[in-house]
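To keep things clear, I will list the structure first and then write my remarks on it.
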Amino acid sequence: MSDLYLSHLRNWILKSPPGEWVVKNARELLIGTLKQGPIPQHVAFEMDGNRRFAKNHKIETIEGHHLGFEALARVLEICYKCGVKVVTVYAFSIENFNRPRHEVSGLMAMAKVKLEQLVQHGELLDRYGAGIRVLGERDLIPDDVLPYVDRAIEMTKHNKDAVLNICFPYTSRAEMTSAIKATVDEYTTSPRPPNTPFSQSRITQKIRSNRSKTSGSASPRDSSPDPNGKSDVDDSMSSTTALDPESPPLSSTTPLKPAKFKNPESITAETINSHTYTAECPPLDMFIRTSGVTRLSDFMLWQCHENTQIFFLKCLWPEFDLWHFVPILLEWQWRQKKLLEETPRK
């Protein structure tokens, strides 16, 4: 029997009413057990192997990508049900724009289909309160794809309990470049002085404006000083902030204060992190890549830190399911327990 025949037979058994009942209850029991231990708050998936899966099973490439989306829907439900708050997926790399034009056009058409499918599966995101965020270089997204992106974001903007980050189009180098540029702008732009109508310079100019208007018509009696040391001009300063266009220009001899810039020595990793796409997300706990490839491929390089657990799986992405996720989560929980045990010794 071919692998495809066995796969169809397995799916038929699992989708039968008795099979669905057994699988559903087994999944619920297993997830409930896993939730008793620590749960990662941020998980990243590099979804690799759709085309290879299609080639191995002698089906169209587009069908392999559709099966990959079904796997994503399964994974999202598993993660959110377990208690994961943020899921980040690598949907499209900036490097893919270097492929032949017809292939890029096909990938963009597929992106519209997948985003539309996300909209159609909105009940899954609403059930767990997950909002969609599209991370990457928005300027590189074709105009015909942008409405699908904006619609997916708009549809879930009210969801605040969890997050689905879709990296499209994205590379870590582009993200870090953008974060460094934003940091440079922050530290080389002088803070603007507060724009208030009651600043000293405006009050002074207002006094001169009023005096110039009254100097020609005032009588000696009108111009006599007030016994209390106050004048009508003084009383009128707070009544309005409008300046007469014919008033004499303000010639202040007060030297301008030099602009104050932030001290670049105060720049830290947290400063740059505050300008990354995932600045509002918790630290990356788990990085998972399927298809047996053991490299990060310019994905989440900044977010990977000393406590990020990286897992490379041999299964292809359309095959990924709870039974692949459980061993990974158990290993992560075991490593977390060992890390907590070692912490007091340091």
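Identifiers for the structure tokens are assigned positionally: chains receive A, B, ... in sequence, residues are indexed from 1 per chain, and ligands are indexed from 1 in the order shown.
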
Residue list (helix (DSSP H, G or I), DSSP) for range 82-178 of chain A, as number ranges by chain: A: 82, 94-98, 101-120, 122-127, 138-140, 146-155, 172-178

Keeping only C-alpha atoms, write the selected residues to a file as an mmCIF file, in the first residue's frame.
data_model
loop_
_atom_site.group_PDB
_atom_site.id
_atom_site.type_symbol
_atom_site.label_atom_id
_atom_site.label_comp_id
_atom_site.auth_asym_id
_atom_site.auth_seq_id
_atom_site.Cartn_x
_atom_site.Cartn_y
_atom_site.Cartn_z
ATOM 1 C CA CYS A 82 -2.944 25.210 26.090
ATOM 2 C CA ILE A 94 11.693 39.363 1.675
ATOM 3 C CA GLU A 95 14.233 37.117 -0.060
ATOM 4 C CA ASN A 96 11.355 35.455 -1.920
ATOM 5 C CA PHE A 97 11.067 38.590 -4.058
ATOM 6 C CA ASN A 98 14.299 37.436 -5.740
ATOM 7 C CA ARG A 101 8.314 36.974 -11.333
ATOM 8 C CA HIS A 102 5.690 34.327 -12.079
ATOM 9 C CA GLU A 103 6.558 32.498 -8.855
ATOM 10 C CA VAL A 104 6.323 35.704 -6.798
ATOM 11 C CA SER A 105 2.937 36.437 -8.378
ATOM 12 C CA GLY A 106 1.781 32.949 -7.457
ATOM 13 C CA LEU A 107 2.934 33.383 -3.861
ATOM 14 C CA MET A 108 1.128 36.713 -3.588
ATOM 15 C CA ALA A 109 -2.049 35.183 -4.983
ATOM 16 C CA MET A 110 -1.691 32.431 -2.409
ATOM 17 C CA ALA A 111 -1.215 35.052 0.322
ATOM 18 C CA LYS A 112 -4.572 36.590 -0.615
ATOM 19 C CA VAL A 113 -6.185 33.161 -0.428
ATOM 20 C CA LYS A 114 -4.676 32.409 2.991
ATOM 21 C CA LEU A 115 -5.631 35.798 4.425
ATOM 22 C CA GLU A 116 -9.143 35.309 3.105
ATOM 23 C CA GLN A 117 -9.219 31.885 4.752
ATOM 24 C CA LEU A 118 -8.160 33.470 8.034
ATOM 25 C CA VAL A 119 -11.111 35.819 7.720
ATOM 26 C CA GLN A 120 -13.384 32.860 7.047
ATOM 27 C CA GLY A 122 -12.615 34.122 12.280
ATOM 28 C CA GLU A 123 -14.627 32.092 14.780
ATOM 29 C CA LEU A 124 -11.441 30.288 15.852
ATOM 30 C CA LEU A 125 -9.638 33.579 16.577
ATOM 31 C CA ASP A 126 -12.704 35.092 18.248
ATOM 32 C CA ARG A 127 -13.129 32.018 20.439
ATOM 33 C CA ARG A 138 4.435 46.973 4.513
ATOM 34 C CA ASP A 139 5.817 49.076 1.638
ATOM 35 C CA LEU A 140 6.774 45.879 -0.189
ATOM 36 C CA LEU A 146 -3.030 45.216 1.052
ATOM 37 C CA PRO A 147 -6.859 45.183 1.303
ATOM 38 C CA TYR A 148 -6.727 41.536 2.405
ATOM 39 C CA VAL A 149 -4.084 42.382 5.010
ATOM 40 C CA ASP A 150 -6.050 45.332 6.366
ATOM 41 C CA ARG A 151 -9.289 43.341 6.418
ATOM 42 C CA ALA A 152 -7.723 40.539 8.470
ATOM 43 C CA ILE A 153 -6.320 43.054 10.968
ATOM 44 C CA GLU A 154 -9.544 45.036 11.165
ATOM 45 C CA MET A 155 -11.631 41.905 11.705
ATOM 46 C CA SER A 172 15.240 39.543 10.807
ATOM 47 C CA ARG A 173 17.910 41.701 9.213
ATOM 48 C CA ALA A 174 15.258 44.089 7.886
ATOM 49 C CA GLU A 175 13.601 44.196 11.310
ATOM 50 C CA MET A 176 16.864 44.944 13.106
ATOM 51 C CA THR A 177 17.783 47.592 10.530
ATOM 52 C CA SER A 178 14.427 49.287 11.070
#

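Of note, CA of Glu341 in chain A and CA of Ile39 in chain A are spaced 17.1 Å apart.
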
List the neighbours of His324 in chain A out to 12 Å using only C-alpha atoms; skip same-chain residues closer than 5 positions along the sequence, and give me the result as a CSV table (one decimal) with C-alpha atoms, in the first residue's frame.
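Contents of out.csv, as written:
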chain,number,residue,atom,x,y,z
A,71,ALA,CA,-2.2,22.5,9.9
A,74,ARG,CA,-4.9,23.0,14.1
A,75,VAL,CA,-1.8,24.4,15.7
A,78,ILE,CA,-3.8,23.7,20.2
A,288,ILE,CA,9.9,25.3,16.0
A,289,ARG,CA,10.9,24.5,12.4
A,290,THR,CA,9.6,21.5,10.5
A,311,PHE,CA,13.4,22.5,18.0
A,312,PHE,CA,14.0,21.1,14.5
A,313,LEU,CA,11.5,18.4,13.5
A,314,LYS,CA,11.7,16.0,10.6
A,315,CYS,CA,8.0,16.0,9.9
A,316,LEU,CA,6.7,18.2,7.1
A,317,TRP,CA,4.4,21.1,8.1
A,318,PRO,CA,1.1,19.7,6.8
A,319,GLU,CA,1.8,16.7,9.0
A,329,LEU,CA,6.1,20.9,25.1
A,330,LEU,CA,7.0,18.2,27.6
A,331,GLU,CA,10.6,18.6,26.8

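Shortest separation to Pro38 in chain A among A:Phe299, A:Val293, A:Leu135, A:Asp285 occurs at residue A:Asp285, atoms counted being only C-alpha atoms.
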